[in-house]
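File shown here: input_13.cif, holding mmCIF, C-alpha atoms.
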```cif
data_model
#
loop_
_atom_site.group_PDB
_atom_site.id
_atom_site.type_symbol
_atom_site.label_atom_id
_atom_site.label_comp_id
_atom_site.auth_asym_id
_atom_site.auth_seq_id
_atom_site.Cartn_x
_atom_site.Cartn_y
_atom_site.Cartn_z
ATOM 1 C CA MET A 688 -5.363 18.424 -16.536
ATOM 2 C CA ILE A 689 -5.594 21.547 -14.323
ATOM 3 C CA ARG A 690 -9.344 21.127 -14.024
ATOM 4 C CA THR A 691 -8.907 17.422 -13.183
ATOM 5 C CA LEU A 692 -6.400 18.264 -10.469
ATOM 6 C CA PHE A 693 -8.739 20.890 -8.994
ATOM 7 C CA VAL A 694 -11.641 18.425 -8.978
ATOM 8 C CA GLY A 695 -9.397 15.844 -7.345
ATOM 9 C CA LEU A 696 -8.358 18.237 -4.573
ATOM 10 C CA CYS A 697 -11.978 19.167 -3.936
ATOM 11 C CA ALA A 698 -12.891 15.476 -3.827
ATOM 12 C CA MET A 699 -10.126 14.843 -1.327
ATOM 13 C CA VAL A 700 -11.394 17.568 0.951
ATOM 14 C CA GLY A 701 -14.899 16.167 0.623
ATOM 15 C CA LEU A 702 -13.734 12.658 1.418
ATOM 16 C CA THR A 703 -11.716 13.711 4.429
ATOM 17 C CA LEU A 704 -13.500 12.901 7.659
ATOM 18 C CA ALA A 705 -12.816 13.803 11.247
ATOM 19 C CA HIS A 706 -10.213 11.059 11.440
ATOM 20 C CA PRO A 707 -7.392 12.331 13.647
ATOM 21 C CA VAL A 708 -6.050 8.870 14.469
ATOM 22 C CA LEU A 709 -3.199 8.022 12.120
ATOM 23 C CA ALA A 710 -3.872 4.972 9.972
ATOM 24 C CA HIS A 711 -1.608 1.937 10.089
ATOM 25 C CA PHE A 712 -0.108 1.155 6.677
ATOM 26 C CA GLN A 713 1.972 -1.851 5.762
ATOM 27 C CA LEU A 714 4.770 -0.672 3.493
ATOM 28 C CA LEU A 715 5.987 -2.882 0.665
ATOM 29 C CA TYR A 716 8.348 -0.266 -0.689
ATOM 30 C CA THR A 717 10.732 -0.177 -3.603
ATOM 31 C CA PRO A 718 11.809 3.237 -4.942
ATOM 32 C CA GLN A 719 10.695 2.850 -8.571
ATOM 33 C CA LEU A 720 7.857 0.833 -10.087
ATOM 34 C CA ASN A 721 9.063 1.225 -13.702
ATOM 35 C CA HIS A 722 12.311 -0.223 -15.029
ATOM 36 C CA ALA A 723 13.536 -0.030 -18.619
ATOM 37 C CA ALA A 724 16.450 -2.410 -18.027
ATOM 38 C CA PRO A 725 17.002 -5.476 -15.838
ATOM 39 C CA ALA A 726 17.384 -4.465 -12.198
ATOM 40 C CA THR A 727 17.689 -5.739 -8.664
ATOM 41 C CA LEU A 728 14.966 -4.139 -6.573
ATOM 42 C CA PRO A 729 15.587 -3.134 -2.959
ATOM 43 C CA PHE A 730 12.498 -3.681 -0.812
ATOM 44 C CA LYS A 731 11.654 -2.377 2.650
ATOM 45 C CA LEU A 732 8.801 -4.027 4.550
ATOM 46 C CA VAL A 733 7.702 -1.756 7.402
ATOM 47 C CA PHE A 734 4.490 -1.311 9.411
ATOM 48 C CA THR A 735 4.176 2.409 10.156
ATOM 49 C CA HIS A 736 2.362 5.698 9.423
ATOM 50 C CA PRO A 737 3.856 7.122 6.200
ATOM 51 C CA ALA A 738 1.873 10.366 6.001
ATOM 52 C CA GLY A 739 2.716 11.660 9.471
ATOM 53 C CA ASN A 740 5.963 9.764 10.156
ATOM 54 C CA GLY A 741 4.284 8.241 13.185
ATOM 55 C CA ALA A 742 5.065 5.230 15.339
ATOM 56 C CA VAL A 743 6.640 2.047 13.967
ATOM 57 C CA MET A 744 4.956 -1.251 14.837
ATOM 58 C CA ASP A 745 7.068 -4.393 15.247
ATOM 59 C CA MET A 746 6.678 -6.932 12.443
ATOM 60 C CA ALA A 747 6.952 -10.653 13.103
ATOM 61 C CA THR A 748 8.188 -12.959 10.347
ATOM 62 C CA PRO A 749 5.693 -12.663 7.456
ATOM 63 C CA GLU A 750 3.509 -15.605 6.532
ATOM 64 C CA GLN A 751 4.040 -15.048 2.797
ATOM 65 C CA PHE A 752 6.131 -12.878 0.494
ATOM 66 C CA PHE A 753 5.976 -13.735 -3.197
ATOM 67 C CA VAL A 754 5.900 -12.372 -6.737
ATOM 68 C CA VAL A 755 3.845 -13.407 -9.753
ATOM 69 C CA HIS A 756 5.221 -12.806 -13.263
ATOM 70 C CA GLN A 757 3.506 -14.162 -16.368
ATOM 71 C CA THR A 758 1.362 -16.395 -14.062
ATOM 72 C CA GLU A 759 4.558 -17.877 -12.545
ATOM 73 C CA LYS A 760 4.649 -17.554 -8.741
ATOM 74 C CA THR A 761 7.984 -17.307 -6.911
ATOM 75 C CA ASP A 762 8.291 -17.608 -3.142
ATOM 76 C CA LEU A 763 10.471 -14.798 -1.767
ATOM 77 C CA LEU A 764 10.342 -15.532 1.966
ATOM 78 C CA SER A 765 13.955 -16.728 1.938
ATOM 79 C CA THR A 766 15.116 -13.344 0.593
ATOM 80 C CA LEU A 767 13.920 -11.462 3.698
ATOM 81 C CA LYS A 768 16.413 -10.123 6.210
ATOM 82 C CA PRO A 769 15.383 -8.571 9.549
ATOM 83 C CA ILE A 770 16.245 -4.909 10.097
ATOM 84 C CA THR A 771 15.552 -2.224 12.682
ATOM 85 C CA TRP A 772 13.445 0.643 11.337
ATOM 86 C CA ASN A 773 14.214 4.034 12.865
ATOM 87 C CA GLY A 774 10.975 5.925 13.324
ATOM 88 C CA ALA A 775 10.635 9.534 14.398
ATOM 89 C CA HIS A 776 9.421 8.425 17.841
ATOM 90 C CA ASN A 777 10.579 4.826 18.234
ATOM 91 C CA GLN A 778 12.311 1.901 16.574
ATOM 92 C CA GLY A 779 10.600 -1.196 15.246
ATOM 93 C CA LYS A 780 11.303 -4.582 13.735
ATOM 94 C CA ALA A 781 11.055 -4.649 9.944
ATOM 95 C CA PHE A 782 12.440 -6.545 6.946
ATOM 96 C CA GLU A 783 14.304 -5.904 3.710
ATOM 97 C CA ALA A 784 14.969 -7.863 0.542
ATOM 98 C CA GLN A 785 16.771 -7.671 -2.795
ATOM 99 C CA VAL A 786 14.759 -9.092 -5.702
ATOM 100 C CA PRO A 787 15.991 -9.276 -9.312
ATOM 101 C CA VAL A 788 13.674 -8.539 -12.247
ATOM 102 C CA ARG A 789 15.072 -9.582 -15.597
ATOM 103 C CA ARG A 790 12.297 -10.367 -18.078
ATOM 104 C CA ASN A 791 9.808 -7.896 -19.534
ATOM 105 C CA GLY A 792 6.349 -7.600 -18.050
ATOM 106 C CA ASP A 793 4.520 -7.015 -14.778
ATOM 107 C CA TYR A 794 5.769 -8.289 -11.438
ATOM 108 C CA LEU A 795 2.964 -8.514 -8.854
ATOM 109 C CA PHE A 796 4.526 -8.501 -5.392
ATOM 110 C CA ALA A 797 2.418 -9.614 -2.438
ATOM 111 C CA LEU A 798 3.063 -9.635 1.297
ATOM 112 C CA VAL A 799 1.011 -11.466 3.911
ATOM 113 C CA PRO A 800 2.354 -10.232 7.262
ATOM 114 C CA ALA A 801 1.791 -12.058 10.506
ATOM 115 C CA PRO A 802 -1.194 -10.597 12.417
ATOM 116 C CA TYR A 803 -0.180 -7.563 14.481
ATOM 117 C CA HIS A 804 -1.633 -7.175 17.949
ATOM 118 C CA GLU A 805 -3.146 -3.757 18.641
ATOM 119 C CA GLU A 806 -4.007 -3.231 22.288
ATOM 120 C CA GLY A 807 -7.763 -2.877 22.709
ATOM 121 C CA GLU A 808 -8.552 -3.802 19.073
ATOM 122 C CA GLY A 809 -7.274 -7.328 18.624
ATOM 123 C CA TYR A 810 -5.175 -8.298 15.607
ATOM 124 C CA ILE A 811 -4.647 -6.531 12.276
ATOM 125 C CA GLN A 812 -3.429 -8.306 9.141
ATOM 126 C CA GLN A 813 -2.874 -6.205 6.018
ATOM 127 C CA PHE A 814 -2.544 -8.174 2.777
ATOM 128 C CA THR A 815 -0.315 -5.845 0.773
ATOM 129 C CA LYS A 816 0.527 -5.521 -2.923
ATOM 130 C CA THR A 817 2.706 -3.421 -5.191
ATOM 131 C CA ILE A 818 3.213 -3.936 -8.911
ATOM 132 C CA VAL A 819 6.464 -3.330 -10.794
ATOM 133 C CA ASN A 820 6.872 -3.214 -14.568
ATOM 134 C CA ARG A 821 9.977 -4.070 -16.564
ATOM 135 C CA GLY A 822 10.356 -2.921 -20.162
ATOM 136 C CA GLY A 823 7.027 -1.132 -20.581
ATOM 137 C CA VAL A 824 5.214 -4.355 -21.533
ATOM 138 C CA PRO A 825 2.009 -4.984 -19.505
ATOM 139 C CA SER A 826 1.327 -8.604 -18.571
ATOM 140 C CA GLY A 827 -1.300 -8.992 -15.896
ATOM 141 C CA TRP A 828 -1.255 -5.981 -13.563
ATOM 142 C CA ASP A 829 -5.060 -6.283 -13.159
ATOM 143 C CA GLU A 830 -5.101 -9.993 -12.299
ATOM 144 C CA PRO A 831 -6.145 -10.982 -8.742
ATOM 145 C CA LEU A 832 -3.675 -13.063 -6.745
ATOM 146 C CA GLY A 833 -6.189 -14.996 -4.681
ATOM 147 C CA LEU A 834 -5.299 -13.302 -1.399
ATOM 148 C CA THR A 835 -7.801 -13.464 1.453
ATOM 149 C CA ALA A 836 -8.189 -9.673 1.238
ATOM 150 C CA GLU A 837 -7.092 -7.925 -1.931
ATOM 151 C CA ILE A 838 -7.269 -4.675 -3.877
ATOM 152 C CA VAL A 839 -7.228 -5.343 -7.629
ATOM 153 C CA PRO A 840 -6.299 -2.256 -9.679
ATOM 154 C CA LEU A 841 -8.529 -1.250 -12.594
ATOM 155 C CA THR A 842 -6.094 1.509 -13.583
ATOM 156 C CA LYS A 843 -2.476 0.647 -14.403
ATOM 157 C CA PRO A 844 -0.879 1.355 -10.993
ATOM 158 C CA TYR A 845 2.672 2.037 -12.176
ATOM 159 C CA ALA A 846 1.758 4.410 -15.029
ATOM 160 C CA LEU A 847 -0.102 7.225 -13.284
ATOM 161 C CA TYR A 848 0.309 10.961 -13.689
ATOM 162 C CA ALA A 849 -0.615 13.369 -10.912
ATOM 163 C CA GLY A 850 -4.203 14.430 -11.617
ATOM 164 C CA MET A 851 -5.288 11.073 -13.056
ATOM 165 C CA LEU A 852 -8.158 9.003 -11.686
ATOM 166 C CA PHE A 853 -7.124 5.736 -10.024
ATOM 167 C CA SER A 854 -9.719 2.989 -9.632
ATOM 168 C CA ALA A 855 -9.609 -0.455 -8.069
ATOM 169 C CA GLN A 856 -11.863 -3.200 -6.741
ATOM 170 C CA VAL A 857 -11.870 -4.584 -3.202
ATOM 171 C CA LEU A 858 -12.179 -8.364 -2.880
ATOM 172 C CA TYR A 859 -12.577 -10.529 0.199
ATOM 173 C CA GLN A 860 -12.339 -14.282 -0.280
ATOM 174 C CA GLY A 861 -12.496 -13.529 -4.003
ATOM 175 C CA GLU A 862 -15.792 -11.629 -3.842
ATOM 176 C CA PRO A 863 -16.413 -7.869 -4.213
ATOM 177 C CA VAL A 864 -16.990 -5.953 -0.970
ATOM 178 C CA PRO A 865 -19.866 -3.464 -1.366
ATOM 179 C CA GLY A 866 -19.301 -0.206 0.513
ATOM 180 C CA ALA A 867 -15.809 -1.135 1.714
ATOM 181 C CA GLU A 868 -14.149 1.674 3.665
ATOM 182 C CA ILE A 869 -10.941 2.874 2.019
ATOM 183 C CA GLU A 870 -8.210 4.817 3.802
ATOM 184 C CA VAL A 871 -5.772 6.708 1.597
ATOM 185 C CA GLU A 872 -2.372 8.075 2.583
ATOM 186 C CA PHE A 873 0.386 9.870 0.724
ATOM 187 C CA MET A 874 3.942 8.764 1.525
ATOM 188 C CA ASN A 875 4.697 12.272 2.696
ATOM 189 C CA HIS A 876 8.012 11.320 4.263
ATOM 190 C CA PRO A 877 10.185 9.623 1.625
ATOM 191 C CA VAL A 878 12.059 6.462 2.498
ATOM 192 C CA VAL A 879 15.786 6.845 3.165
ATOM 193 C CA LEU A 880 16.913 3.381 2.094
ATOM 194 C CA ASP A 881 20.422 3.249 3.568
ATOM 195 C CA ALA A 882 19.319 4.661 6.935
ATOM 196 C CA ASN A 883 16.181 2.501 7.330
ATOM 197 C CA ARG A 884 14.003 5.479 8.160
ATOM 198 C CA LEU A 885 11.648 8.048 6.700
ATOM 199 C CA ASN A 886 12.895 11.523 5.901
ATOM 200 C CA PRO A 887 11.801 13.758 8.813
ATOM 201 C CA GLN A 888 11.067 16.565 6.336
ATOM 202 C CA GLY A 889 7.608 16.116 4.824
ATOM 203 C CA ILE A 890 6.817 16.937 1.205
ATOM 204 C CA LEU A 891 3.394 18.449 1.943
ATOM 205 C CA GLN A 892 2.179 20.605 4.813
ATOM 206 C CA PHE A 893 -1.199 19.328 6.030
ATOM 207 C CA PRO A 894 -3.639 21.939 7.384
ATOM 208 C CA SER A 895 -4.589 19.541 10.196
ATOM 209 C CA PRO A 896 -4.054 15.863 11.157
ATOM 210 C CA ALA A 897 -7.422 15.043 9.568
ATOM 211 C CA PHE A 898 -5.819 15.568 6.154
ATOM 212 C CA GLU A 899 -3.173 12.889 6.707
ATOM 213 C CA THR A 900 -5.648 10.060 6.105
ATOM 214 C CA PHE A 901 -8.391 10.481 3.513
ATOM 215 C CA VAL A 902 -11.421 8.212 3.703
ATOM 216 C CA THR A 903 -13.852 7.107 1.009
ATOM 217 C CA ARG A 904 -16.043 4.078 0.293
ATOM 218 C CA ALA A 905 -16.358 1.579 -2.515
ATOM 219 C CA ASP A 906 -19.576 1.296 -4.509
ATOM 220 C CA ALA A 907 -21.946 -1.677 -4.671
ATOM 221 C CA GLN A 908 -19.415 -3.619 -6.771
ATOM 222 C CA GLY A 909 -16.559 -2.938 -4.379
ATOM 223 C CA ILE A 910 -15.004 -0.391 -6.764
ATOM 224 C CA PHE A 911 -13.531 2.884 -5.556
ATOM 225 C CA TYR A 912 -12.085 5.923 -7.327
ATOM 226 C CA PHE A 913 -9.509 8.481 -6.279
ATOM 227 C CA THR A 914 -7.997 11.378 -8.217
ATOM 228 C CA VAL A 915 -4.293 11.353 -7.353
ATOM 229 C CA PRO A 916 -3.372 15.022 -6.744
ATOM 230 C CA HIS A 917 0.401 14.828 -6.262
ATOM 231 C CA ALA A 918 3.356 12.878 -7.619
ATOM 232 C CA GLY A 919 4.791 10.197 -5.339
ATOM 233 C CA PHE A 920 3.623 7.024 -3.629
ATOM 234 C CA TRP A 921 0.021 6.592 -2.493
ATOM 235 C CA GLY A 922 -1.296 3.802 -0.289
ATOM 236 C CA PHE A 923 -4.888 2.539 -0.346
ATOM 237 C CA ALA A 924 -6.143 0.367 2.521
ATOM 238 C CA ALA A 925 -9.524 -1.367 2.551
ATOM 239 C CA VAL A 926 -10.149 -1.829 6.263
ATOM 240 C CA ASP A 927 -12.191 -4.187 8.482
ATOM 241 C CA LEU A 928 -13.046 -6.655 5.727
ATOM 242 C CA SER A 929 -13.296 -9.842 7.792
ATOM 243 C CA PRO A 930 -16.729 -10.772 9.135
ATOM 244 C CA GLU A 931 -17.561 -10.359 12.793
ATOM 245 C CA GLY A 932 -16.346 -13.335 14.764
ATOM 246 C CA THR A 933 -13.065 -13.774 12.854
ATOM 247 C CA GLU A 934 -10.440 -14.394 15.541
ATOM 248 C CA HIS A 935 -6.750 -15.013 16.118
ATOM 249 C CA LYS A 936 -5.521 -16.290 19.483
ATOM 250 C CA GLY A 937 -8.932 -15.641 21.000
ATOM 251 C CA GLU A 938 -9.154 -11.973 19.931
ATOM 252 C CA PRO A 939 -10.775 -10.248 16.929
ATOM 253 C CA LEU A 940 -8.790 -10.472 13.686
ATOM 254 C CA HIS A 941 -9.208 -7.620 11.212
ATOM 255 C CA HIS A 942 -8.312 -8.537 7.635
ATOM 256 C CA GLU A 943 -7.380 -5.535 5.506
ATOM 257 C CA ALA A 944 -6.092 -5.064 1.953
ATOM 258 C CA VAL A 945 -3.423 -2.568 0.873
ATOM 259 C CA ILE A 946 -2.026 -1.521 -2.497
ATOM 260 C CA TRP A 947 0.725 1.001 -3.238
ATOM 261 C CA VAL A 948 0.831 2.991 -6.482
ATOM 262 C CA GLN A 949 3.273 5.564 -7.846
ATOM 263 C CA ALA A 950 2.283 8.785 -9.641
ATOM 264 C CA HIS A 951 4.566 10.992 -11.734
ATOM 265 C CA GLU A 952 4.548 14.630 -12.756
ATOM 266 C CA LEU A 953 3.325 15.240 -16.305
ATOM 267 C CA ARG A 954 6.258 16.898 -18.102
#
```

Kindly present the structure from the file in structure tokens form.
Amino acid sequence: MIRTLFVGLCAMVGLTLAHPVLAHFQLLYTPQLNHAAPATLPFKLVFTHPAGNGAVMDMATPEQFFVVHQTEKTDLLSTLKPITWNGAHNQGKAFEAQVPVRRNGDYLFALVPAPYHEEGEGYIQQFTKTIVNRGGVPSGWDEPLGLTAEIVPLTKPYALYAGMLFSAQVLYQGEPVPGAEIEVEFMNHPVVLDANRLNPQGILQFPSPAFETFVTRADAQGIFYFTVPHAGFWGFAAVDLSPEGTEHKGEPLHHEAVIWVQAHELR
């Protein structure tokens, strides 16, 4: 395990590029991805920069918010309530929800936000997933949901230890994306649920801003690998997946895919 962690840290340093601009990450956050008993999950849907506690971007009403359990799809749009998210530098429009999970198995949550306008870049739309398990019984965590842009995990995303290798496949319109660029961020500032903000105190001290967003690429089958070096939540974003010429309201539209996983300390 120690050797694996060391290799993972070295890989992270090797994958880190001169990438000082903080990456946008759509949060689809609930505090725990494993539940032994029935529970009602609090969700926070926020568009921000979780590694550096950067600016908050206003969210419009999402196009879709749903969950799939045992192949049964449930629309959750009506559960969303607008909130104000208190960033370190600004406030932004976000959403929250309360979603019950009662039966055993995997719950695949998916969010399709409305395209966000980024001045000078056009529109960004991050198709975002997180997967919750109830009762320790797996039931489809590796099944694609048919999203326009999607990251399908090949490693169980809610049962990771720090130091383990996480792998996943990037799909666009259901097809693998060879060489897809993957941005990786650690949720370095934990979510404070009741205050609708991130904790200003970071867990890790980064040697420079370049270490806040790690960058790697998928292989010829659209598969990428990442050794998770620290317990907590990690976000993976496959960026710029839509072909050139994809537009929204007359400007470029960038389709991206995001998945959030949770790692635990091995005790």

When you look at Asn740 (chain A) with a cut-off of 7 Å (counting only C-alpha atoms), what residues show up, excluding the ones that are within fewer than 3 positions of it in the same chain? I need them as a list in words.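 Once the adjacent positions are removed, what remains is His736, Pro737, Ala775, His876 and Leu885 of chain A.
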
Between A:Ile818, A:Val915, A:Ala726, A:Leu891, which one has atoms that come closest to Leu852 (chain A), using all atoms listed in the file?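 Distance minimum relative to Leu852 (chain A) lands on A:Val915.
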
With all atoms listed in the file as the counted atoms, please give the residues lying no more than 6 Å from Gly779 (chain A), apart from itself and same-chain residues fewer than 5 positions off, as a VMD selection string. chain A and resid 743 to 745 771 to 772

Using the chain letters and numbers from the file, give me the residues hit by the PyMOL selection byres ((chain A and resi 820-832) around 9), as a PyMOL selection string. chain A and resi 720-726+755-758+788-795+797+818-819+833-834+837-845+855+858+861

Can you pull out every residue within 6 Å of region 708-717 of chain A, counting all atoms listed in the file, but drop anything in the same chain fewer than 5 positions away, and send it as a ChimeraX atom specification? /A:729-736

Measuring atom to atom with all atoms listed in the file, identify which of A:Ala867, A:Pro887, A:Ala882, A:Ser854 is nearest to His776 (chain A). A:Pro887

Minimum-distance residue to Pro896 (chain A), chosen among A:Thr933, A:Thr766, A:Thr727, A:Ala738 (using all atoms listed in the file): A:Ala738

Take CA of Ile890 (chain A) and CA of Leu728 (chain A) and report the distance between them in Å, one decimal.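 CA of Leu728 (chain A) lies at a distance of 23.9 Å from CA of Ile890 (chain A).
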
Expansion of the PyMOL selection byres ((chain A and resi 922) around 7) into residues, as a list of chain:residue names: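 This file gives the following for the PyMOL selection byres ((chain A and resi 922) around 7): A:Val871, A:Glu872, A:Phe873, A:Phe920, A:Trp921, A:Phe923, A:Ala924, A:Val945, A:Ile946, A:Trp947, A:Val948.
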
To one decimal place, how far is CA of Asn773 (chain A) from CA of Ile811 (chain A) in Å?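 CA of Asn773 (chain A) sits 21.6 Å away from CA of Ile811 (chain A).
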
To one decimal place, how far is CA of Val902 (chain A) from CA of Lys780 (chain A) in Å?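 Result for CA of Val902 (chain A) versus CA of Lys780 (chain A): 27.9 Å, one decimal.
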
Using all atoms listed in the file, pick whichever of A:Phe893, A:Phe814, A:Tyr859, A:Phe853 has the shortest atom-to-atom distance to Pro802 (chain A).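 Residue with the minimum atom-to-atom distance to Pro802 (chain A): A:Phe814.
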